[in-house]
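Participant: Structure incoming, see below.
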Amino acid sequence: MPLFGMIEKKKKAGEKMYTKESPIAVFDSGVGGISVLRELVQLMPNENYLYFGDSANAPYGDKTTQQVRELTMEAAQMLVARNIKALVVACNTATAAAITLLRQQYPELIVIGIEPALKLAADRFPQGRVGVMATQVTLREEKFAHQAERFPEVTIELIPAPGLVELIEAGQEDSLDTRNLLEKLLLPYVGKLDALVLGCTHYPFVKKQIARILGDSTQLLDGGEGTARQTRRCLEKQDLLNPGPGSVQMENSSHDAALLERGMQLLNREVAV
Ligand code: DGL
């Protein structure tokens, strides 16, 4: 008993090594989470952000759940060791596979996970037809099934998009291959959806290309803004908002300088409407 008590105390002391100035870590399998980071920066410009993209292991979306879980826990361990004050899992796939485990592992830390913006779609179209485009892992995980059960009146079309993340990681947002893939996936839904949920954080970077195919009759929704607002609420509640000034630091497991530069470009790119 005394030994257990000592270990517990040490662990807790270690976990609370952050202050208001400490970074908010934002994590994704690659560059996709930058679509969430830009919402965070817009809402809370005074914060210090540490963005980590695991491009060396991307895509996560066609791996086994166990593999995604292991990669996510490994990244989280590395980030928590840097005395972060919050962890934003800016990856729907990692959230689906590992958010419960993350919260168990780091009970003292603010851990926010993005998930497909189905609630937002259901609020707007309570009896509507909604497409959810996401990775295979996100769509097959129990977490998504539970989410969908909450909206029995909404007709949900599942649209997995294998190959799309790889094209976006390679900087091919507007290439012929990307446009062809999007057409193949989405032409069958033209005029048939009230909303399309972009359930992977990479997809907002091809929002313009998707809108070109689906037209004005389909609203394109994602969870980036909601995730940023939820993060602010949690920080506010614990009096952890930073008075400023803020900063953004980008890191990537691929250690590719060009990729980091592209990350910064994506962060500053104008958002398509
Ligand atoms: N950006 C991630 C998401 O939100 C997934 C990308 C991947 O497959 O690695 O789901």
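Chain labels run A, B, ... following the order of the structure tokens; each chain numbers its residues from 1, and ligands are numbered from 1 in the order shown.
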Please report as JSON lines every residue of chain A lying within 7 Å of ligand 1, along with the nearest atom pair and their distance in Å (one decimal), using only C-alpha atoms and all ligand atoms.
Facilitator:
{"residue": "A:Asp28", "atom": "CA", "partner": "ligand 1", "partner_atom_place_in_ligand_line": "1 (N)", "distance": 5.9}
{"residue": "A:Ser29", "atom": "CA", "partner": "ligand 1", "partner_atom_place_in_ligand_line": "9 (O)", "distance": 4.7}
{"residue": "A:Gly30", "atom": "CA", "partner": "ligand 1", "partner_atom_place_in_ligand_line": "9 (O)", "distance": 6.5}
{"residue": "A:Gly32", "atom": "CA", "partner": "ligand 1", "partner_atom_place_in_ligand_line": "1 (N)", "distance": 4.6}
{"residue": "A:Gly33", "atom": "CA", "partner": "ligand 1", "partner_atom_place_in_ligand_line": "1 (N)", "distance": 6.0}
{"residue": "A:Ala58", "atom": "CA", "partner": "ligand 1", "partner_atom_place_in_ligand_line": "9 (O)", "distance": 4.6}
{"residue": "A:Pro59", "atom": "CA", "partner": "ligand 1", "partner_atom_place_in_ligand_line": "9 (O)", "distance": 3.2}
{"residue": "A:Tyr60", "atom": "CA", "partner": "ligand 1", "partner_atom_place_in_ligand_line": "9 (O)", "distance": 3.6}
{"residue": "A:Gly61", "atom": "CA", "partner": "ligand 1", "partner_atom_place_in_ligand_line": "8 (O)", "distance": 3.3}
{"residue": "A:Asp62", "atom": "CA", "partner": "ligand 1", "partner_atom_place_in_ligand_line": "8 (O)", "distance": 6.4}
{"residue": "A:Ala90", "atom": "CA", "partner": "ligand 1", "partner_atom_place_in_ligand_line": "4 (O)", "distance": 6.4}
{"residue": "A:Cys91", "atom": "CA", "partner": "ligand 1", "partner_atom_place_in_ligand_line": "4 (O)", "distance": 3.5}
{"residue": "A:Asn92", "atom": "CA", "partner": "ligand 1", "partner_atom_place_in_ligand_line": "4 (O)", "distance": 3.8}
{"residue": "A:Thr93", "atom": "CA", "partner": "ligand 1", "partner_atom_place_in_ligand_line": "10 (O)", "distance": 3.9}
{"residue": "A:Ala94", "atom": "CA", "partner": "ligand 1", "partner_atom_place_in_ligand_line": "10 (O)", "distance": 6.7}
{"residue": "A:Ala134", "atom": "CA", "partner": "ligand 1", "partner_atom_place_in_ligand_line": "10 (O)", "distance": 6.4}
{"residue": "A:Thr135", "atom": "CA", "partner": "ligand 1", "partner_atom_place_in_ligand_line": "10 (O)", "distance": 5.8}
{"residue": "A:Thr138", "atom": "CA", "partner": "ligand 1", "partner_atom_place_in_ligand_line": "10 (O)", "distance": 6.6}
{"residue": "A:Val165", "atom": "CA", "partner": "ligand 1", "partner_atom_place_in_ligand_line": "6 (C)", "distance": 5.7}
{"residue": "A:Gly199", "atom": "CA", "partner": "ligand 1", "partner_atom_place_in_ligand_line": "4 (O)", "distance": 6.3}
{"residue": "A:Cys200", "atom": "CA", "partner": "ligand 1", "partner_atom_place_in_ligand_line": "4 (O)", "distance": 3.3}
{"residue": "A:Thr201", "atom": "CA", "partner": "ligand 1", "partner_atom_place_in_ligand_line": "4 (O)", "distance": 3.9}
{"residue": "A:His202", "atom": "CA", "partner": "ligand 1", "partner_atom_place_in_ligand_line": "1 (N)", "distance": 4.8}
Participant: Apply DSSP to the backbone of this structure and, from range 66-214 of chain A, keep only the residues in strand (DSSP E or B); write these as a list in words.
Facilitator: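 Answer for range 66-214 of chain A, restricted to strand (DSSP E or B): Ala86, Leu87, Val88, Val89, Ile110, Val111, Ile112, Gly113, Arg129, Val130, Gly131, Val132, Met133, Ala134, Thr155, Ile156, Glu157, Leu158, Ile159, Pro160, Ala195, Leu196, Val197 and Leu198 of chain A.
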Participant: With N, CA, C and O atoms retained, write the just-selected residues as a compact mmCIF listing (two decimals), in the first residue's frame.
Facilitator:
# COMPACT_ATOMS: atom_id res chain seq x y z
N ALA A 86 -2.94 20.42 -23.01
CA ALA A 86 -4.11 19.77 -23.62
C ALA A 86 -3.64 19.00 -24.85
O ALA A 86 -2.66 19.37 -25.49
N LEU A 87 -4.38 17.94 -25.16
CA LEU A 87 -4.10 17.16 -26.37
C LEU A 87 -5.35 17.16 -27.23
O LEU A 87 -6.42 16.73 -26.79
N VAL A 88 -5.21 17.69 -28.45
CA VAL A 88 -6.33 17.67 -29.40
C VAL A 88 -6.02 16.59 -30.44
O VAL A 88 -5.05 16.71 -31.19
N VAL A 89 -6.81 15.55 -30.46
CA VAL A 89 -6.64 14.50 -31.46
C VAL A 89 -7.41 14.97 -32.70
O VAL A 89 -8.62 14.85 -32.79
N ILE A 110 -6.48 17.45 -20.36
CA ILE A 110 -7.60 17.74 -21.26
C ILE A 110 -7.32 17.00 -22.56
O ILE A 110 -6.31 17.26 -23.23
N VAL A 111 -8.18 16.06 -22.91
CA VAL A 111 -8.02 15.31 -24.16
C VAL A 111 -9.30 15.48 -24.99
O VAL A 111 -10.38 15.09 -24.56
N ILE A 112 -9.15 16.10 -26.14
CA ILE A 112 -10.29 16.36 -27.02
C ILE A 112 -10.08 15.54 -28.29
O ILE A 112 -8.99 15.52 -28.85
N GLY A 113 -11.13 14.91 -28.78
CA GLY A 113 -11.01 14.14 -30.02
C GLY A 113 -12.05 14.57 -31.04
O GLY A 113 -13.23 14.69 -30.70
N ARG A 129 -31.03 13.56 -45.66
CA ARG A 129 -30.13 12.52 -46.16
C ARG A 129 -28.71 13.07 -46.09
O ARG A 129 -28.41 14.10 -46.70
N VAL A 130 -27.89 12.39 -45.33
CA VAL A 130 -26.56 12.92 -45.03
C VAL A 130 -25.49 11.90 -45.42
O VAL A 130 -25.57 10.73 -45.02
N GLY A 131 -24.52 12.32 -46.17
CA GLY A 131 -23.39 11.45 -46.50
C GLY A 131 -22.28 11.66 -45.48
O GLY A 131 -22.06 12.77 -45.00
N VAL A 132 -21.62 10.60 -45.10
CA VAL A 132 -20.44 10.73 -44.23
C VAL A 132 -19.25 10.13 -44.96
O VAL A 132 -19.18 8.92 -45.18
N MET A 133 -18.35 11.02 -45.36
CA MET A 133 -17.15 10.57 -46.04
C MET A 133 -16.04 10.50 -44.99
O MET A 133 -15.77 11.50 -44.30
N ALA A 134 -15.43 9.35 -44.85
CA ALA A 134 -14.42 9.17 -43.79
C ALA A 134 -13.56 7.97 -44.14
O ALA A 134 -13.80 7.29 -45.14
N THR A 155 -31.19 9.74 -42.72
CA THR A 155 -30.69 8.66 -43.59
C THR A 155 -29.21 8.91 -43.84
O THR A 155 -28.83 9.95 -44.37
N ILE A 156 -28.40 7.95 -43.44
CA ILE A 156 -26.95 8.16 -43.52
C ILE A 156 -26.34 7.29 -44.63
O ILE A 156 -26.56 6.08 -44.67
N GLU A 157 -25.60 7.92 -45.50
CA GLU A 157 -24.87 7.20 -46.56
C GLU A 157 -23.40 7.16 -46.17
O GLU A 157 -22.79 8.21 -45.95
N LEU A 158 -22.83 5.98 -46.06
CA LEU A 158 -21.41 5.88 -45.71
C LEU A 158 -20.56 5.92 -46.98
O LEU A 158 -20.80 5.15 -47.91
N ILE A 159 -19.61 6.83 -46.99
CA ILE A 159 -18.77 6.98 -48.19
C ILE A 159 -17.29 6.87 -47.81
O ILE A 159 -16.62 7.88 -47.53
N PRO A 160 -16.76 5.64 -47.76
CA PRO A 160 -15.32 5.52 -47.50
C PRO A 160 -14.54 6.05 -48.71
O PRO A 160 -15.04 5.97 -49.84
N ALA A 195 -26.55 17.15 -46.90
CA ALA A 195 -25.24 17.54 -46.38
C ALA A 195 -24.25 16.41 -46.57
O ALA A 195 -24.63 15.23 -46.59
N LEU A 196 -23.00 16.79 -46.73
CA LEU A 196 -21.92 15.80 -46.72
C LEU A 196 -21.00 16.15 -45.57
O LEU A 196 -20.46 17.27 -45.50
N VAL A 197 -20.84 15.20 -44.65
CA VAL A 197 -19.94 15.39 -43.53
C VAL A 197 -18.53 14.97 -43.96
O VAL A 197 -18.33 13.84 -44.41
N LEU A 198 -17.59 15.90 -43.83
CA LEU A 198 -16.20 15.58 -44.14
C LEU A 198 -15.60 14.98 -42.86
O LEU A 198 -15.13 15.71 -41.98
Participant: Excluding Glu70 in chain A and any residue of its chain fewer than 2 positions from it, enumerate the residues within 12 Å of it, using only C-alpha atoms, and give them as a list of chain:residue names.
Facilitator: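 In the requested format, the answer is A:Asn57, A:Tyr60, A:Lys63, A:Thr64, A:Thr65, A:Gln66, A:Gln67, A:Val68, A:Thr72, A:Met73, A:Glu74, A:Ala75, A:Ala76, A:Gln77, A:Ala94, A:Ala97, A:Ala98, A:Ile99, A:Leu101, A:Leu102.
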Participant: Give me, as a tab-separated table, the closest atom pair and its distance (Å, one decimal) for every residue of range 134-233 of chain A within a cut-off of 7 Å of range 38-49 of chain A, counting only C-alpha atoms, rows sorted by chain and rising number.
Facilitator:
residue	atom	partner	partner_atom	distance
A:Gly224	CA	A:Glu39	CA	6.2
A:Glu225	CA	A:Glu39	CA	5.6
A:Ala228	CA	A:Leu40	CA	4.9
Participant: In Å, how far is it from CA of Ser22 in chain A to CA of Tyr106 in chain A?
Facilitator: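 Between CA of Ser22 in chain A and CA of Tyr106 in chain A the gap is 16.5 Å.
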Participant: Would you please give, as a VMD selection string, all residues of range 11-259 of chain A that DSSP assigns to alpha helix (DSSP H) based on the backbone?
Facilitator: chain A and resid 11 to 15 34 to 43 65 to 80 92 to 105 118 to 124 136 to 140 142 to 149 164 to 169 176 to 186 207 to 214 224 to 237 257 to 259
Participant: So, counting only C-alpha atoms, which residue among A:Ala148, A:Glu141, A:Val154, A:Ala25 is closest to Leu37 in chain A?
Facilitator: A:Ala25
Participant: Using only C-alpha atoms, which residues sit within 9 Å of range 185-191 of chain A once same-chain residues fewer than 6 positions away are excluded, as a list in words?
Facilitator: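 With the cut-off at 9 Å, the set is Gly131, Ile159, Pro160, Ala161, Ile210, Ile213, Leu214, Gly215, Ser217 and Thr218 of chain A.
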Participant: For each of A:Val206, A:Met17, A:Leu71, A:Ile24, take the minimum atom-to-atom distance to Asn242 in chain A, counting only C-alpha atoms, then give the residue where this is smallest.
Facilitator: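 Closest to Asn242 in chain A, using only C-alpha atoms: A:Ile24.
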Participant: May I ask for the distance between CA of Ile34 in chain A and CA of Glu166 in chain A, given in Å to one decimal place?
Facilitator: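 That distance, rounded to one decimal, is 15.4 Å.
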Participant: Any idea what's packed within 10 Å of Thr19 in chain A, counting only C-alpha atoms, ignoring anything in its chain fewer than 4 positions away? Could you give it as an MDAnalysis selection string?
Facilitator: chainID A and resid 23 83:85 239:242
